[in-house]
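K.L.:
The structure's right below; bear with me while I get my questions together.
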Amino acid sequence: MAPDIARLSQALAAADLDELFPLVKDHLRIRTDHLLRLLSPFFAQAQATGVNLQRPSAELSELLSGVAATNRNGTVARPNTVRARLGAMSALYTYAVAVGAVTEHPMQGLQRPPKEFADLPGTPREQVQRLHGHTRRHADLAALHAALVLIDEHALKVSELLSLTWDHLNLTGYELARSAGRTPLSQRAKDALMPLVIQAGGLLGDESLPARLDTRRRLFPWPNEATFRAELMRACRATPIPYASPGDLRRASLRDHPHTPRSAGYAPEDGERQLARATNLARTVAQALHPEE
């Protein structure tokens with residue numbers, strides 16, 4: 001059924017959540033009861049102050065930021081709570097723009113706090129380097145070494161890493177195709193991948209790999225995340241260092257390296273926010289590990 005654009009527009013301008021909610025609840029990917037709880041404070045504050053929720057303005061930006069950052073008891077909300085509240089309003093506005101009830105997304109450029117991680121990366125750089133050194137020295141761990149270097153140099157998530165095929169690797173431009181664009185490979189990443197390229201019968205500077213290689217084949221040998229984690233566990237024991245999960249190692253990368261959006265595989269339009277998150281994470285971890293500094 002086509003949306004009632006006039007009703008939606010009027011309800012948004014009047015901050016009438018009772019009228020608006022039935023029109024949008026089935027179109028936003030947030031559980032209905034949770035969505036209502038997230039939206040209610042914004043509409044209550046808009047009605048109390050007379051701020052128009054439909055049109056972008058400095059007053060609206062101030063209202064959105066203030067409501068999202070304040071709990072019902074007056075305390076300051078945690079970063080992830082702020083992000084969830086603003087995310088609900090953003091989803092509402094995105095739908096309203098899509099159906100024509102709003103001409104311009106009112107939250108364009110509105111800053112959100114960096115994501116707060118419950119499990120800060122506890123793997124020190126020295127342990128990451130020891131793990132890399134161990135895997136580099138053993139030829140039978142060439143694939144694991146390349147995977148760990150890609151995680152460290154380019155902040156790959158384990159799901160992205162295990163889905164890579166030879167088609168994702170540009171052998172002439174030294175780039176990796178990723179969901180958010182292209183990532184130029186660092187020299188360390190190229191060096192780590194070289195044994196795999198040679199095993200496949202080619203060189204990284206070749207125009208192409210030999211015709212006998214099916215480039216749709218996965219770059220790494222692990223059929224699933226469990227087998228990858230098992231080999232990583234064995235390598236950590238052999239190094240020896242405490243076990244560091246792929247997520248720990250990725251967050252250590254974000255903590256320790258001066259990434260650009262392209263080097264870490266972030267979408268260009270979201271890159272600045274992601275870099276801000278990484279910078280915040282790095283500072284938080286540094287303070288946690290060295291509180292006296």
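Each chain of the structure tokens is named A, B, ... in the order shown, its residues numbered from 1; ligands are numbered from 1 in display order.
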Enumerate, in order of chain and increasing residue number, the residues of range 21-74 of chain A with an atom no farther than 8 Å from range 83-99 of chain A, each with its shortest atom pair and distance in Å to one decimal, counting only C-alpha atoms, as a tab-separated table.

P.N.:
residue	atom	partner	partner_atom	distance
A:Val24	CA	A:Leu92	CA	7.4
A:His27	CA	A:Tyr95	CA	7.5
A:Leu28	CA	A:Ala91	CA	6.5
A:Ile30	CA	A:Ala88	CA	7.7
A:Leu35	CA	A:Ala88	CA	6.7
A:Leu38	CA	A:Arg85	CA	5.4
A:Leu39	CA	A:Met89	CA	6.6
A:Leu64	CA	A:Leu86	CA	7.3
A:Ser65	CA	A:Leu86	CA	7.9
A:Ala68	CA	A:Arg85	CA	5.7

K.L.:
Would you pick out the contacts of Arg188 in chain A at 8 Å or less, using only C-alpha atoms, so that residues sharing its chain but fewer than 4 positions from it are not included, and give the list as JSON, numbers by chain?

P.N.:
{"A": [149, 153, 192]}

K.L.:
What are the closest atom pairs, with distances in Å to one decimal, for each residue of range 23-132 of chain A lying within 7 Å of range 238-241 of chain A, using only C-alpha atoms, rows by chain and rising residue number, as a tab-separated table?

P.N.:
residue	atom	partner	partner_atom	distance
A:Gln127	CA	A:Ile241	CA	6.4
A:Arg130	CA	A:Thr239	CA	6.8
A:Leu131	CA	A:Thr239	CA	6.0

K.L.:
Determine, counting only C-alpha atoms, which protein, DNA and RNA residues have an atom within 12 Å of an atom of Ala11 in chain A; residues of the same chain fewer than 5 positions away are not included. Present the result as a PyMOL selection string.

P.N.:
chain A and resi 4-6+16-24+43+46-47+52-54+96+101-102

K.L.:
Which neighbours of Gly247 in chain A fall inside 8 Å, counting only C-alpha atoms, when residues of the same chain fewer than 3 positions from it are skipped, and could you give them as a PyMOL selection string?

P.N.:
chain A and resi 157-158+244+250-251

K.L.:
Take the selection from the previous step and output its residues with N, CA and C atoms, as an mmCIF file, in the first residue's frame.

P.N.:
data_model
loop_
_atom_site.group_PDB
_atom_site.id
_atom_site.type_symbol
_atom_site.label_atom_id
_atom_site.label_comp_id
_atom_site.auth_asym_id
_atom_site.auth_seq_id
_atom_site.Cartn_x
_atom_site.Cartn_y
_atom_site.Cartn_z
ATOM 1 N N LYS A 157 37.952 -7.442 8.569
ATOM 2 C CA LYS A 157 37.165 -8.298 9.446
ATOM 3 C C LYS A 157 37.347 -9.738 8.997
ATOM 4 N N VAL A 158 37.159 -10.678 9.925
ATOM 5 C CA VAL A 158 37.415 -12.076 9.594
ATOM 6 C C VAL A 158 36.464 -12.566 8.498
ATOM 7 N N ALA A 244 44.819 -14.216 20.931
ATOM 8 C CA ALA A 244 44.242 -12.963 20.443
ATOM 9 C C ALA A 244 43.287 -13.317 19.320
ATOM 10 N N ARG A 250 42.157 -6.998 14.861
ATOM 11 C CA ARG A 250 41.651 -5.899 14.031
ATOM 12 C C ARG A 250 41.564 -4.613 14.848
ATOM 13 N N ARG A 251 41.073 -4.702 16.080
ATOM 14 C CA ARG A 251 40.976 -3.507 16.902
ATOM 15 C C ARG A 251 42.361 -2.984 17.282
#

K.L.:
Give me, please, the distance in Å between CA of Val67 in chain A and CA of Gln45 in chain A, quoted to one decimal.

P.N.:
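Distance reported for this atom pair: 7.6 Å.
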
K.L.:
Running DSSP on the backbone, which parts of range 81-278 of chain A land in alpha helix (DSSP H), as a ChimeraX atom specification?

P.N.:
/A:81-99,125-137,142-154,158-163,187-199,225-238,246-256,271-278

K.L.:
Mind checking DSSP for range 51-275 of chain A and telling me the strand (DSSP E) residues as a PyMOL selection string?

P.N.:
chain A and resi 169-170+175-178+181-184

K.L.:
Can you work out which one of A:His145, A:Arg218, A:His34, A:His134 has the shortest atom-to-atom distance to Thr165 in chain A, counting only C-alpha atoms?

P.N.:
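Among the listed residues, the smallest separation from Thr165 in chain A belongs to A:Arg218.
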
K.L.:
CA of Arg237 in chain A and CA of Leu193 in chain A are how many Å apart?

P.N.:
23.5 Å

K.L.:
May I have the residues within 12 Å of Val51 in chain A as a compact mmCIF listing (two decimals) with N, CA and C atoms, in the first residue's frame, using only C-alpha atoms and disregarding those fewer than 6 positions away in the same chain?

P.N.:
# COMPACT_ATOMS: atom_id res chain seq x y z
N LEU A 12 4.82 14.58 11.20
CA LEU A 12 6.21 14.90 11.53
C LEU A 12 6.36 16.37 11.90
N ALA A 13 5.71 17.24 11.12
CA ALA A 13 5.79 18.68 11.41
C ALA A 13 5.16 19.01 12.76
N ALA A 14 4.10 18.27 13.13
CA ALA A 14 3.41 18.54 14.40
C ALA A 14 3.99 17.74 15.56
N ALA A 15 5.02 16.94 15.29
CA ALA A 15 5.61 16.07 16.32
C ALA A 15 4.55 15.18 16.96
N PHE A 42 12.30 12.33 21.57
CA PHE A 42 12.49 13.39 20.57
C PHE A 42 11.16 14.11 20.30
N PHE A 43 10.10 13.33 20.13
CA PHE A 43 8.80 13.93 19.83
C PHE A 43 8.25 14.69 21.04
N ALA A 44 8.48 14.17 22.23
CA ALA A 44 8.02 14.86 23.43
C ALA A 44 8.72 16.21 23.58
N GLN A 45 10.03 16.23 23.33
CA GLN A 45 10.79 17.47 23.45
C GLN A 45 10.40 18.47 22.35
N SER A 57 17.31 22.57 10.76
CA SER A 57 17.58 23.86 11.39
C SER A 57 18.59 23.66 12.50
N ALA A 58 19.19 24.75 12.93
CA ALA A 58 20.13 24.67 14.06
C ALA A 58 19.39 24.22 15.32
N GLU A 59 18.15 24.69 15.47
CA GLU A 59 17.37 24.31 16.65
C GLU A 59 17.08 22.81 16.65
N LEU A 60 16.79 22.26 15.48
CA LEU A 60 16.51 20.83 15.39
C LEU A 60 17.76 20.02 15.70
N SER A 61 18.90 20.43 15.16
CA SER A 61 20.15 19.72 15.44
C SER A 61 20.47 19.73 16.92
N GLU A 62 20.24 20.89 17.56
CA GLU A 62 20.48 21.00 19.00
C GLU A 62 19.53 20.09 19.77
N LEU A 63 18.27 20.04 19.36
CA LEU A 63 17.29 19.18 20.03
C LEU A 63 17.69 17.72 19.90
N LEU A 64 18.04 17.28 18.68
CA LEU A 64 18.39 15.88 18.46
C LEU A 64 19.60 15.48 19.29

K.L.:
Could you check which of A:Thr227, A:Ser263, A:Ser40, A:Ser253 is closest to Gln129 in chain A, using only C-alpha atoms?

P.N.:
A:Ser253

K.L.:
Which neighbours of Leu232 in chain A fall inside 9 Å, counting only C-alpha atoms, when residues of the same chain fewer than 6 positions from it are skipped, and could you give them as a list of chain:residue names?

P.N.:
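My reading of the contact set: A:Leu144, A:Tyr243, A:Ala244, A:Ser245, A:Pro246.
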
K.L.:
So the first atom is CA of Asp140 in chain A and the second is CA of Arg217 in chain A; what is the distance between them in Å, to one decimal place?

P.N.:
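Taking CA of Asp140 in chain A and CA of Arg217 in chain A, their separation equals 19.6 Å.
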